[in-house]
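Visitor: Take this structure, written in structure tokens, and hold onto it; I'll ask about it next.
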Amino acid sequence: MQKILRVMLALLWTVSTGAVSTGAFAQTSGAEFAQMLDILGKTPKDDALREQIVRAGRALKPAPAIPEEARRELIRGNAAVEEAAGPDDYARAAQHYQGAVDLAPWWGPAYMSLARAQELQQDYRSALKNLKLYMLAAASAEDTRKGQDYQYALEYKEEKADRAKGDYDAKYGWLGGQWTLIRKVYDDKSGITLSQTEPIVARSSIDSSGGILLRAAADTMQHEYGSGADRVLPSRVENSFRVSYDASGQLILETYGERDPSACPVSYGWHQIDFELGSDRRTMTATEEQRYRLPSCEPAQLTTVWVFERVQ
């Protein structure tokens, strides 16, 4: 117990005074090093303690042996990277590398591998953090040079990603929050509202081709006005919309449905529709004419209107 207290007090003094030179750990004994590892095992998010262990491990002679289980985690991480087909695989590799540095927190190469896996996930901030630990553990000037050059590359990528995020937020930030959707159908000849749904939640997500997807899919109540009476009927509404910018910077809205509503039979896919954006960007009203009733292809003169409203 006295040894544990002595190690903890020494660490607190070191962190508070900034005395973190390699020489400060030159006298760290194997037993004290083991106590530090035990404390980190109980507080794995203690970054300051982790740095102290990296420095102490570099100063110990002979160097601490790498546990076989830590080496196993590193190799499994390497295998996950080699077979990776997407972000989930890189995340799985990072978990293995994290396991390696938790089992051997003084092991520099494992921090480098973890940083590279995080880079592949575009998590540049975490990658830079672990690269710093690799450089603290560097055993040679060549390792230090390798780490410094990699740091420059990561900093460039982080700055580029921050700029891209800023541009994206400037374009699509107003689409954040919660939206609701109401669908209305009008008869073009009489101007009568034939049906209207109650508001349903429109969920947003990032589209793989750029832009934002707004998708409404839910059971709702639909008010039927066509017969002259307000009949409330259950209705299933499933509509997908894509908000993006064209090459000229013009905001466009697309919906997934009949590519050409003026022809029948129809083919389905994404197609652009007319819409109006409210001055405060809290409403969007999209309009599309329908010349045929589906699936019978009987002539019709209908207009469907979708009204989006941001409620939060």
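Going through the structure tokens in order, the chains are called A, B, and so on, while each chain numbers its residues from 1 and the ligands are numbered from 1 in the order shown.
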Write out as a PyMOL selection string the residues lying within 9 Å of Asp219 in chain A, counting only C-alpha atoms and excluding same-chain residues fewer than 3 positions away.
Guide: chain A and resi 200+234-238
Visitor: Store the residues picked out above in a file with N, CA, C and O atoms, as a short mmCIF file (atom, residue, chain, number, x, y, z; two decimals), in the first residue's frame.
Guide:
data_model
loop_
_atom_site.label_atom_id
_atom_site.label_comp_id
_atom_site.auth_asym_id
_atom_site.auth_seq_id
_atom_site.Cartn_x
_atom_site.Cartn_y
_atom_site.Cartn_z
N ILE A 200 -46.43 13.72 -40.07
CA ILE A 200 -45.60 12.60 -39.63
C ILE A 200 -44.15 13.05 -39.63
O ILE A 200 -43.77 14.01 -40.33
N PRO A 234 -57.07 5.23 -42.13
CA PRO A 234 -55.64 4.93 -41.95
C PRO A 234 -54.93 4.93 -43.29
O PRO A 234 -55.48 4.53 -44.31
N SER A 235 -53.71 5.42 -43.29
CA SER A 235 -52.94 5.49 -44.53
C SER A 235 -51.47 5.23 -44.23
O SER A 235 -50.97 5.60 -43.17
N ARG A 236 -50.82 4.57 -45.16
CA ARG A 236 -49.38 4.34 -45.05
C ARG A 236 -48.67 5.31 -45.97
O ARG A 236 -48.87 5.29 -47.19
N VAL A 237 -47.86 6.19 -45.40
CA VAL A 237 -47.12 7.18 -46.18
C VAL A 237 -45.65 6.78 -46.22
O VAL A 237 -45.03 6.58 -45.17
N GLU A 238 -45.11 6.64 -47.41
CA GLU A 238 -43.69 6.35 -47.58
C GLU A 238 -43.16 7.20 -48.72
O GLU A 238 -43.43 6.92 -49.88
#
Visitor: Hey, what's within 12 Å of range 139-145 of chain A if we count only C-alpha atoms and toss same-chain stuff fewer than 2 positions away? As a ChimeraX atom specification, please?
Guide: /A:54-55,57-60,63,106-109,112,131-137,147-152
Visitor: If I take CA of Gln250 in chain A and CA of Trp270 in chain A, how far is one from the other in Å, to one decimal?
Guide: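 Computing the Euclidean distance for CA of Gln250 in chain A and CA of Trp270 in chain A yields 17.4 Å.
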Visitor: Mind the document's chain letters and residue numbers, and return as a PyMOL selection string the residues of range 22-190 of chain A that DSSP labels helix (DSSP H, G or I).
Guide: chain A and resi 22-25+30-42+47-59+68-82+87-103+108-120+124-136+141-175
Visitor: Just the residues within 8 Å of Thr303 in chain A, please, counting only C-alpha atoms, with nothing from its chain fewer than 3 positions along; format it as an mmCIF file with N, CA and C atoms, in the first residue's frame.
Guide:
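Dumped everything to out04.cif:
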data_model
loop_
_atom_site.group_PDB
_atom_site.id
_atom_site.type_symbol
_atom_site.label_atom_id
_atom_site.label_comp_id
_atom_site.auth_asym_id
_atom_site.auth_seq_id
_atom_site.Cartn_x
_atom_site.Cartn_y
_atom_site.Cartn_z
ATOM 1 N N VAL A 185 -53.382 16.023 -51.695
ATOM 2 C CA VAL A 185 -53.704 15.735 -53.094
ATOM 3 C C VAL A 185 -54.873 16.626 -53.507
ATOM 4 N N TYR A 186 -54.686 17.365 -54.631
ATOM 5 C CA TYR A 186 -55.710 18.283 -55.137
ATOM 6 C C TYR A 186 -56.226 17.803 -56.481
ATOM 7 N N ASP A 187 -57.496 18.139 -56.756
ATOM 8 C CA ASP A 187 -58.072 17.952 -58.084
ATOM 9 C C ASP A 187 -57.833 19.235 -58.869
ATOM 10 N N ASP A 188 -57.097 19.130 -59.996
ATOM 11 C CA ASP A 188 -56.724 20.331 -60.739
ATOM 12 C C ASP A 188 -57.939 21.063 -61.309
ATOM 13 N N THR A 287 -44.179 20.360 -55.150
ATOM 14 C CA THR A 287 -45.393 20.150 -55.947
ATOM 15 C C THR A 287 -45.085 19.272 -57.150
ATOM 16 N N GLU A 288 -46.001 18.334 -57.435
ATOM 17 C CA GLU A 288 -45.834 17.482 -58.609
ATOM 18 C C GLU A 288 -47.200 17.141 -59.193
ATOM 19 N N GLU A 289 -47.343 17.323 -60.504
ATOM 20 C CA GLU A 289 -48.586 16.983 -61.185
ATOM 21 C C GLU A 289 -48.613 15.498 -61.517
ATOM 22 N N GLN A 290 -49.805 14.925 -61.485
ATOM 23 C CA GLN A 290 -49.981 13.508 -61.796
ATOM 24 C C GLN A 290 -51.059 13.386 -62.861
#
Visitor: Which of these residues is nearest to Glu224 in chain A, using only C-alpha atoms: A:Lys42, A:Arg183, A:Arg242, A:Arg203?
Guide: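 Of all the options, A:Arg183 lies closest to Glu224 in chain A.
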Visitor: Which residues are near Glu198 in chain A? Cut-off 10 Å, only C-alpha atoms, ignore same chain within fewer than 3 positions. Put them as a list in words.
Guide: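 Surrounding residues, per the criterion: Thr180, Leu181, Ile182, Arg183, Lys184, Asp219, Thr220, Met221, Gln222, His223, Val232 and Ser235 of chain A.
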Visitor: Report, in Å to a single decimal, how far apart CA of Pro295 in chain A and CA of Pro265 in chain A are.
Guide: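 Separation of CA of Pro265 in chain A and CA of Pro295 in chain A: 8.2 Å.
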Visitor: In terms of the shortest atom-to-atom distance over only C-alpha atoms, which of A:Arg116, A:Asp274, A:Asp167, A:Gln312 is closest to Lys129 in chain A?
Guide: A:Arg116
Visitor: Closest to Gly99 in chain A among A:Asp280, A:Glu119, A:Glu73, A:Glu83, using only C-alpha atoms?
Guide: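 Among A:Asp280, A:Glu119, A:Glu73, A:Glu83, it is A:Glu73 that comes nearest to Gly99 in chain A.
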Visitor: By how many Å are CA of Glu155 in chain A and CA of Leu114 in chain A apart?
Guide: 16.3 Å
